[in-house]
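Source file: coords15.cif (mmCIF, C-alpha atoms)
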```cif
data_run
loop_
_atom_site.label_atom_id
_atom_site.label_comp_id
_atom_site.auth_asym_id
_atom_site.auth_seq_id
_atom_site.Cartn_x
_atom_site.Cartn_y
_atom_site.Cartn_z
CA MET L 1 2.08 -40.34 30.29
CA THR L 2 -1.65 -40.88 29.87
CA SER L 3 -3.27 -40.37 26.50
CA ILE L 4 -5.11 -37.26 27.78
CA GLN L 5 -1.82 -35.77 28.91
CA SER L 6 -0.11 -36.42 25.62
CA ARG L 7 -3.08 -35.00 23.71
CA SER L 8 -3.07 -31.82 25.76
CA LEU L 9 0.69 -31.59 25.29
CA ALA L 10 0.16 -31.68 21.51
CA LEU L 11 -2.58 -29.04 21.76
CA LEU L 12 -0.28 -26.86 23.84
CA ALA L 13 2.46 -27.10 21.21
CA CYS L 14 -0.07 -26.03 18.59
CA VAL L 15 -1.20 -23.00 20.56
CA ALA L 16 2.40 -22.03 21.30
CA GLY L 17 3.19 -22.13 17.60
CA LEU L 18 0.14 -19.98 16.87
CA ALA L 19 1.12 -17.42 19.50
CA LEU L 20 4.59 -17.04 18.03
CA ALA L 21 3.41 -17.02 14.41
CA GLY L 22 0.80 -14.35 15.20
CA CYS L 23 3.43 -11.66 15.60
CA ALA L 24 5.55 -12.56 12.60
CA SER L 25 3.06 -13.86 10.04
CA LYS L 26 2.97 -11.86 6.82
CA PRO L 27 0.20 -12.68 4.36
CA ALA L 28 1.17 -12.82 0.71
CA GLY L 29 0.86 -9.39 -0.87
CA LEU L 30 -2.19 -8.32 -2.84
CA TYR L 31 -0.10 -6.85 -5.68
CA TYR L 32 3.01 -7.35 -7.78
CA TRP L 33 5.23 -4.29 -7.19
CA GLY L 34 8.37 -5.16 -9.16
CA ASP L 35 10.32 -1.99 -9.92
CA TYR L 36 7.38 0.37 -9.37
CA GLN L 37 8.43 2.20 -6.19
CA LYS L 38 12.04 2.52 -7.36
CA GLN L 39 10.91 4.13 -10.63
CA VAL L 40 8.46 6.42 -8.81
CA TYR L 41 11.37 7.65 -6.69
CA ALA L 42 13.39 8.33 -9.86
CA GLU L 43 10.41 10.20 -11.37
CA LEU L 44 9.95 12.32 -8.24
CA ARG L 45 13.64 13.28 -8.21
CA SER L 46 14.02 14.12 -11.90
CA GLU L 47 13.21 17.56 -13.28
CA SER L 48 11.47 16.08 -16.32
CA GLY L 49 9.36 13.72 -14.19
CA GLY L 50 10.84 10.56 -15.71
CA GLY L 51 11.48 9.32 -19.21
CA PRO L 52 12.14 6.29 -21.44
CA GLU L 53 14.24 4.59 -18.75
CA GLN L 54 11.24 4.49 -16.39
CA ILE L 55 8.91 3.34 -19.20
CA ILE L 56 11.18 0.39 -20.04
CA ALA L 57 11.44 -0.63 -16.39
CA LEU L 58 7.68 -0.41 -15.81
CA GLU L 59 6.78 -2.25 -19.02
CA LYS L 60 9.04 -5.03 -17.75
CA THR L 61 7.17 -5.02 -14.44
CA VAL L 62 3.90 -5.37 -16.40
CA GLN L 63 5.30 -8.51 -18.09
CA GLN L 64 6.51 -9.97 -14.79
CA ALA L 65 3.15 -9.36 -13.10
CA ARG L 66 1.40 -11.05 -16.02
CA SER L 67 3.67 -14.11 -15.89
CA GLN L 68 2.99 -14.45 -12.16
CA SER L 69 -0.75 -13.78 -12.61
CA LYS L 70 -0.67 -11.07 -9.95
CA PRO L 71 -2.44 -7.71 -10.24
CA LEU L 72 -0.46 -4.47 -10.47
CA PRO L 73 -0.87 -2.03 -7.58
CA PRO L 74 -3.27 0.92 -7.61
CA GLY L 75 -1.79 3.92 -9.41
CA PHE L 76 0.56 1.83 -11.55
CA HIS L 77 -1.29 2.27 -14.85
CA ALA L 78 -2.01 5.94 -14.17
CA ASN L 79 1.69 6.49 -13.47
CA LEU L 80 2.67 4.69 -16.69
CA GLY L 81 0.19 6.94 -18.51
CA LEU L 82 1.97 9.99 -17.08
CA LEU L 83 5.29 8.70 -18.46
CA TYR L 84 3.75 8.15 -21.93
CA LEU L 85 2.42 11.73 -21.73
CA GLY L 86 6.03 12.94 -21.41
CA GLN L 87 6.80 11.15 -24.69
CA GLY L 88 3.72 12.60 -26.46
CA LYS L 89 2.16 9.13 -26.86
CA ILE L 90 -1.39 10.33 -26.28
CA ASP L 91 -3.18 7.13 -27.36
CA GLN L 92 -1.19 5.13 -24.82
CA VAL L 93 -1.85 7.77 -22.13
CA VAL L 94 -5.59 7.45 -22.67
CA GLN L 95 -5.37 3.66 -22.69
CA GLU L 96 -3.46 3.53 -19.37
CA PHE L 97 -5.79 6.03 -17.67
CA GLU L 98 -8.81 4.00 -18.85
CA THR L 99 -7.20 0.79 -17.53
CA GLU L 100 -6.63 2.46 -14.15
CA LYS L 101 -10.31 3.48 -14.10
CA ALA L 102 -11.52 -0.01 -15.00
CA LEU L 103 -9.36 -1.74 -12.36
CA PHE L 104 -9.87 0.88 -9.65
CA PRO L 105 -13.13 2.85 -9.90
CA GLU L 106 -12.02 4.70 -6.72
CA GLY L 107 -9.65 6.73 -8.91
CA ALA L 108 -12.11 7.32 -11.77
CA SER L 109 -12.91 10.92 -10.89
CA PHE L 110 -9.20 11.91 -10.92
CA MET L 111 -8.60 9.99 -14.16
CA ASP L 112 -11.57 11.78 -15.78
CA PHE L 113 -10.19 15.12 -14.57
CA LEU L 114 -6.85 14.33 -16.28
CA LEU L 115 -8.48 12.95 -19.45
CA ARG L 116 -10.57 16.13 -19.80
CA LYS L 117 -7.40 18.21 -19.44
CA ILE L 118 -5.54 16.19 -22.09
CA LYS L 119 -8.43 16.35 -24.54
CA GLY L 120 -8.81 20.08 -23.88
CA GLU L 121 -5.13 20.66 -24.60
CA GLN L 122 -5.31 18.60 -27.81
CA LYS L 123 -8.14 20.75 -29.16
CA SER L 124 -6.50 24.10 -28.40
CA MET G 1 3.61 -30.61 40.74
CA ASN G 2 2.50 -33.36 38.39
CA LEU G 3 2.53 -33.12 34.58
CA SER G 4 -1.19 -32.36 34.12
CA SER G 5 -1.20 -29.38 36.50
CA LEU G 6 1.99 -28.11 34.85
CA LEU G 7 0.24 -28.30 31.49
CA LYS G 8 -2.73 -26.40 32.88
CA TRP G 9 -0.49 -23.58 34.11
CA ALA G 10 1.37 -23.40 30.81
CA GLY G 11 -1.96 -23.24 29.00
CA VAL G 12 -3.17 -20.34 31.09
CA ALA G 13 0.08 -18.47 30.50
CA LEU G 14 -0.21 -18.98 26.73
CA LEU G 15 -3.81 -17.81 26.63
CA ALA G 16 -2.75 -14.64 28.41
CA LEU G 17 -0.02 -14.17 25.79
CA LEU G 18 -2.52 -14.67 22.96
CA ALA G 19 -5.03 -12.27 24.49
CA SER G 20 -2.46 -9.54 25.03
CA GLY G 21 -1.26 -9.71 21.44
CA CYS G 22 2.20 -8.66 20.31
CA ALA G 23 2.41 -5.46 22.32
CA THR G 24 0.36 -4.00 25.10
CA ARG G 25 -0.71 -0.40 24.46
CA GLN G 26 -3.60 1.87 25.18
CA PRO G 27 -6.51 0.87 22.95
CA TYR G 28 -6.81 3.33 20.05
CA ASP G 29 -10.17 5.03 19.50
CA TYR G 30 -11.20 3.95 16.01
CA SER G 31 -14.83 5.11 16.17
CA ALA G 32 -14.43 7.94 13.62
CA PHE G 33 -12.32 5.71 11.32
CA ARG G 34 -14.92 2.90 11.48
CA ARG G 35 -17.79 5.29 10.76
CA ALA G 36 -16.02 6.91 7.79
CA GLN G 37 -15.00 3.65 6.01
CA PRO G 38 -12.64 5.38 3.54
CA LYS G 39 -11.94 3.44 0.33
CA SER G 40 -9.28 5.68 -1.16
CA ILE G 41 -6.34 7.62 0.27
CA LEU G 42 -4.62 10.64 -1.25
CA VAL G 43 -1.04 10.68 0.05
CA LEU G 44 0.21 14.27 0.09
CA PRO G 45 3.97 14.87 -0.33
CA PRO G 46 5.40 14.92 3.23
CA VAL G 47 6.42 18.18 4.86
CA ASN G 48 10.10 17.88 5.74
CA LYS G 49 11.45 19.22 9.04
CA SER G 50 14.87 17.55 8.59
CA PRO G 51 17.91 19.16 6.92
CA ASP G 52 17.98 16.58 4.08
CA ILE G 53 16.29 17.90 0.93
CA LEU G 54 15.80 14.35 -0.41
CA ALA G 55 13.64 13.35 2.55
CA SER G 56 10.19 14.24 1.22
CA ASN G 57 10.47 12.43 -2.13
CA SER G 58 12.31 9.54 -0.50
CA LEU G 59 9.54 8.78 1.98
CA LEU G 60 6.76 9.60 -0.51
CA ALA G 61 8.03 6.94 -2.93
CA HIS G 62 7.65 4.29 -0.21
CA MET G 63 4.23 5.11 1.19
CA SER G 64 1.93 3.66 -1.48
CA MET G 65 2.91 0.06 -0.74
CA PRO G 66 1.78 -0.37 2.89
CA LEU G 67 -1.49 1.50 2.25
CA ALA G 68 -2.33 -0.41 -0.95
CA GLU G 69 -1.45 -3.73 0.67
CA ALA G 70 -3.67 -2.75 3.61
CA GLY G 71 -6.57 -2.63 1.14
CA TYR G 72 -6.91 1.00 0.06
CA TYR G 73 -6.85 2.66 -3.33
CA VAL G 74 -3.80 4.93 -3.24
CA PHE G 75 -3.58 7.77 -5.73
CA PRO G 76 -0.42 7.67 -7.89
CA VAL G 77 1.99 9.88 -5.93
CA ALA G 78 4.06 11.16 -8.88
CA LEU G 79 0.92 12.11 -10.79
CA VAL G 80 -0.56 13.81 -7.71
CA THR G 81 2.66 15.78 -7.14
CA ARG G 82 2.71 16.83 -10.80
CA THR G 83 -0.94 17.97 -10.63
CA PHE G 84 -0.18 20.19 -7.64
CA LYS G 85 2.87 21.70 -9.37
CA GLU G 86 0.96 22.42 -12.56
CA ASN G 87 -1.47 24.35 -10.41
CA GLY G 88 1.32 26.47 -8.95
CA LEU G 89 1.76 24.63 -5.66
CA ASN G 90 5.42 23.68 -5.45
CA SER G 91 6.13 22.87 -1.81
CA PRO G 92 4.53 20.24 0.43
CA ASP G 93 3.61 23.05 2.85
CA GLU G 94 1.48 24.71 0.15
CA MET G 95 -0.10 21.38 -0.78
CA HIS G 96 -0.99 20.65 2.85
CA ALA G 97 -2.70 24.05 3.05
CA VAL G 98 -5.22 23.25 0.29
CA SER G 99 -8.75 22.88 1.68
CA THR G 100 -10.20 19.39 2.09
CA ALA G 101 -13.14 20.41 -0.12
CA LYS G 102 -10.79 21.37 -2.97
CA LEU G 103 -8.80 18.12 -2.65
CA ARG G 104 -12.03 16.16 -2.71
CA GLU G 105 -13.16 18.06 -5.83
CA ILE G 106 -9.97 17.44 -7.85
CA PHE G 107 -9.02 13.92 -6.75
CA GLY G 108 -12.31 12.48 -5.57
CA ALA G 109 -10.48 10.86 -2.64
CA ASP G 110 -12.27 9.76 0.54
CA ALA G 111 -9.32 10.58 2.80
CA ALA G 112 -5.96 12.34 2.66
CA LEU G 113 -2.76 11.45 4.50
CA TYR G 114 -0.71 14.33 5.91
CA VAL G 115 2.82 13.30 6.84
CA GLU G 116 5.57 15.28 8.55
CA ILE G 117 9.16 14.02 8.56
CA THR G 118 10.68 14.78 11.95
CA GLU G 119 14.09 13.11 11.44
CA TYR G 120 15.91 12.04 8.30
CA GLY G 121 19.63 11.45 7.96
CA THR G 122 22.86 10.27 9.42
CA SER G 123 24.41 11.68 12.52
CA TYR G 124 28.03 11.02 13.42
CA ALA G 125 28.30 9.91 16.98
CA VAL G 126 31.78 8.99 18.20
CA ILE G 127 31.20 5.27 18.47
CA ARG G 128 28.57 4.70 15.85
CA SER G 129 26.87 6.56 13.01
CA ASP G 130 23.19 5.83 12.63
CA THR G 131 20.81 6.67 9.84
CA VAL G 132 17.42 7.53 11.25
CA VAL G 133 14.08 8.26 9.61
CA ALA G 134 11.10 9.30 11.73
CA ALA G 135 7.72 10.65 10.71
CA LYS G 136 4.24 11.33 12.00
CA ALA G 137 1.03 11.01 10.03
CA ARG G 138 -2.58 12.14 10.19
CA LEU G 139 -5.42 10.68 8.12
CA LEU G 140 -8.16 13.20 7.41
CA ASP G 141 -11.61 12.48 5.98
CA LEU G 142 -12.03 14.75 2.94
CA ARG G 143 -15.83 14.56 3.13
CA SER G 144 -16.21 15.64 6.74
CA GLY G 145 -12.80 17.14 7.55
CA GLU G 146 -12.63 14.83 10.57
CA THR G 147 -9.35 13.26 11.78
CA LEU G 148 -9.67 9.49 11.36
CA TRP G 149 -6.29 8.34 12.63
CA GLU G 150 -2.91 9.60 13.82
CA GLY G 151 0.36 7.76 14.26
CA SER G 152 4.13 8.00 14.22
CA ALA G 153 7.08 5.72 13.51
CA ARG G 154 10.86 5.69 13.59
CA ALA G 155 13.49 3.39 12.13
CA SER G 156 17.25 3.41 12.60
CA SER G 157 20.16 1.63 10.94
CA GLY G 158 21.52 1.08 14.45
CA GLU G 159 18.73 -1.27 15.53
CA GLY G 160 20.02 -4.64 16.64
CA GLN G 161 23.68 -3.75 16.06
CA SER G 162 26.30 -4.30 18.68
CA ASN G 163 29.90 -3.23 18.99
CA ASN G 164 32.24 -6.11 19.67
CA ASN G 165 35.22 -5.09 17.56
CA GLY G 166 36.86 -3.09 20.31
CA LEU G 167 37.02 0.67 20.53
CA ILE G 168 39.34 1.42 17.58
CA GLY G 169 37.34 -0.88 15.31
CA ALA G 170 34.14 0.87 16.35
CA LEU G 171 35.60 4.32 15.67
CA VAL G 172 36.80 3.34 12.20
CA LYS G 173 33.47 1.71 11.44
CA ALA G 174 31.60 4.83 12.57
CA ALA G 175 33.61 7.00 10.20
CA ILE G 176 33.05 4.59 7.31
CA ASP G 177 29.33 4.26 8.10
CA GLN G 178 29.05 8.05 7.98
CA ILE G 179 30.49 8.16 4.44
CA VAL G 180 28.48 5.19 3.16
CA ASN G 181 25.25 6.38 4.80
CA THR G 182 25.61 9.87 3.38
CA ILE G 183 26.58 9.21 -0.22
CA GLY G 184 24.62 6.01 -0.54
CA GLU G 185 20.91 5.40 -0.39
CA LYS G 186 20.89 4.33 3.24
CA GLY G 187 18.37 7.02 4.13
CA HIS G 188 16.00 5.86 1.42
CA GLU G 189 16.33 2.26 2.59
CA ILE G 190 15.56 3.18 6.21
CA ALA G 191 12.65 5.37 4.99
CA GLY G 192 11.13 2.18 3.57
CA ILE G 193 11.11 0.59 7.04
CA THR G 194 9.69 3.75 8.63
CA SER G 195 6.95 3.80 5.99
CA GLN G 196 6.00 0.16 6.67
CA ARG G 197 5.93 0.75 10.44
CA LEU G 198 3.93 3.95 10.09
CA LEU G 199 1.27 2.72 7.67
CA SER G 200 0.80 -1.03 8.13
CA PRO G 201 -2.27 -2.25 10.02
CA GLY G 202 -1.50 -3.34 13.56
CA PRO G 203 -1.95 -2.21 17.17
CA SER G 204 -2.72 1.55 17.03
CA GLY G 205 -2.03 1.42 13.27
CA ILE G 206 -4.40 2.08 10.40
CA LEU G 207 -7.38 -0.21 9.90
CA VAL G 208 -7.49 -2.54 6.91
CA GLY G 209 -9.30 -1.20 3.84
CA PRO G 210 -12.06 -2.59 1.60
CA ARG G 211 -9.68 -4.35 -0.82
CA SER G 212 -8.11 -6.44 1.95
CA PRO G 213 -9.40 -10.01 2.46
CA GLU G 214 -9.39 -9.16 6.19
CA TYR G 215 -11.86 -6.29 5.73
CA GLY G 216 -15.13 -6.65 7.63
CA LYS G 217 -13.85 -9.43 9.88
CA ASP G 218 -14.55 -8.21 13.37
CA THR G 219 -11.21 -9.03 15.00
CA GLY G 220 -9.12 -6.75 17.14
CA ASN G 221 -8.56 -3.37 15.55
CA ARG G 222 -10.27 -4.15 12.26
CA PRO G 223 -13.58 -2.61 11.24
#
```
Could you quickly redo this structure as structure tokens?
Amino acid sequence: MTSIQSRSLALLACVAGLALAGCASKPAGLYYWGDYQKQVYAELRSESGGGPEQIIALEKTVQQARSQSKPLPPGFHANLGLLYLGQGKIDQVVQEFETEKALFPEGASFMDFLLRKIKGEQKS
Amino acid sequence: MNLSSLLKWAGVALLALLASGCATRQPYDYSAFRRAQPKSILVLPPVNKSPDILASNSLLAHMSMPLAEAGYYVFPVALVTRTFKENGLNSPDEMHAVSTAKLREIFGADAALYVEITEYGTSYAVIRSDTVVAAKARLLDLRSGETLWEGSARASSGEGQSNNNGLIGALVKAAIDQIVNTIGEKGHEIAGITSQRLLSPGPSGILVGPRSPEYGKDTGNRP
């Protein structure tokens, strides 16, 4: 085999690998999901909209995301705020909604809508 | 044929494979999607046309992941559902009927995703019981009311399975599958696959969003 032939053989192997990898390659995710979707499903199914069990699970997911230095997905903090609302922990609700706003300005208008509602209800 | 001409032919064949991508389909018209450049997606609770009352919540709980990982802001689905209910809208049908202007006003979303579940559940067929989840989706721009994208997907527990236990074995397995699939969370598991297939970027799929590192790279179906 000449050196040109062996070089083109190597190139061919490279391209073949690329062609196969193209279909299967999965980039690492943008977010740490942990237990989030599972707890959302539990919240959606329960009459009360979720309780302490979901809070414990999601607080654990917060810790895990932190230890892996990965961001939490959009909606996570807002959803945690909703769970705190069910427990009457208004300060924590406000804190989570503000965190959601800071991390994802795309959701700011909805968070402001909810914050206005909570503050309105507190006054009345 | 000598080695170098063989290599040439193999090279041409591989280039054709690369150019055609993973699947050959009609090119999807993304012009409206590209123009709109939505940053955020409001996922509405799916309308369920299957007999299983769990279907809507089951699929809804899965749909944030593919869209967020594709690079979009996805509104928290439990909080969105609660907001609708507190405003007297209890069924997905009622939520889907809200005007795009009103949705835009309350949520401030760029686009909304309307999903209809066409199949959800386990059917007992003599040889094998399969759990199937199928859905179709439409992405609507809330600023213009324009349809940006439409797609559908289906997943089944029967994919890639084969029967080599003989007929009696298959019959017993079908009956057991039916029980396990019904009382267990098989439907929810399959709904996760349907959700990924329906909402992940790919040929004829949604485009990547602004939070994706792939956004703005002019390759294939991306904006």
| For the file shown, what are the residues hit by the PyMOL selection byres ((chain L) within 6 of (chain G)), laid out as a PyMOL selection string? | chain L and resi 19+23+30+37+40-41+74-75+109-110
Name the residues in contact with segment 79-90 of chain L at a cut-off of 9 Å, using only C-alpha atoms, excluding same-chain residues fewer than 2 positions from it; report them as a compact mmCIF listing (two decimals) with C-alpha atoms, in the coordinates of the input.
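The resulting out.txt:
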```txt
# COMPACT_ATOMS: atom_id res chain seq x y z
CA VAL L 40 8.46 6.42 -8.81
CA GLU L 43 10.41 10.20 -11.37
CA SER L 48 11.47 16.08 -16.32
CA GLY L 49 9.36 13.72 -14.19
CA GLY L 50 10.84 10.56 -15.71
CA GLY L 51 11.48 9.32 -19.21
CA PRO L 52 12.14 6.29 -21.44
CA GLN L 54 11.24 4.49 -16.39
CA ILE L 55 8.91 3.34 -19.20
CA LEU L 58 7.68 -0.41 -15.81
CA GLU L 59 6.78 -2.25 -19.02
CA GLY L 75 -1.79 3.92 -9.41
CA PHE L 76 0.56 1.83 -11.55
CA HIS L 77 -1.29 2.27 -14.85
CA GLN L 92 -1.19 5.13 -24.82
CA VAL L 93 -1.85 7.77 -22.13
CA VAL L 94 -5.59 7.45 -22.67
CA GLN L 95 -5.37 3.66 -22.69
CA GLU L 96 -3.46 3.53 -19.37
CA PHE L 97 -5.79 6.03 -17.67
CA ILE L 118 -5.54 16.19 -22.09
CA PRO G 76 -0.42 7.67 -7.89
CA VAL G 77 1.99 9.88 -5.93
CA ALA G 78 4.06 11.16 -8.88
CA LEU G 79 0.92 12.11 -10.79
```
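With distances taken over all atoms listed in the file, L:Pro71 is the one residue among L:Arg116, L:Ile56, L:Lys123, L:Pro71 lying closest to Phe104 of chain L.
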| task | For Asp93 of chain G, list every protein, DNA or RNA residue within 12 Å, evaluated using all atoms listed in the file, and leave out those in the same chain fewer than 2 positions away; present the list as JSON, numbers by chain. | result | {"G": [44, 45, 46, 47, 48, 49, 56, 84, 89, 90, 91, 95, 96, 97, 98, 114, 115, 116]}
Report the centre and edge lengths, in Å to one decimal, of an axis-aligned box enclosing every atom of segment 28-33 of chain G listed in the file, padded by 6 Å on each side, as lines of an AutoDock Vina configuration file.
```
center_x = -10.8
center_y = 5.6
center_z = 15.7
size_x = 20.0
size_y = 16.6
size_z = 20.7
```
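The spacing separating atom CA of Ala101 of chain G from atom CA of Ser144 of chain G amounts to 8.9 Å.
The smallest atom-to-atom distance between Asp29 of chain G and any of G:Thr147, G:Thr100, G:Ser152, G:Thr131, using only C-alpha atoms, is found for G:Thr147.
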| Where does the PyMOL selection byres ((chain L and resi 111) around 8) land in this file, that is, which residues does it pick, as a PyMOL selection string? | chain L and resi 78+97-98+100-101+107-110+112-115
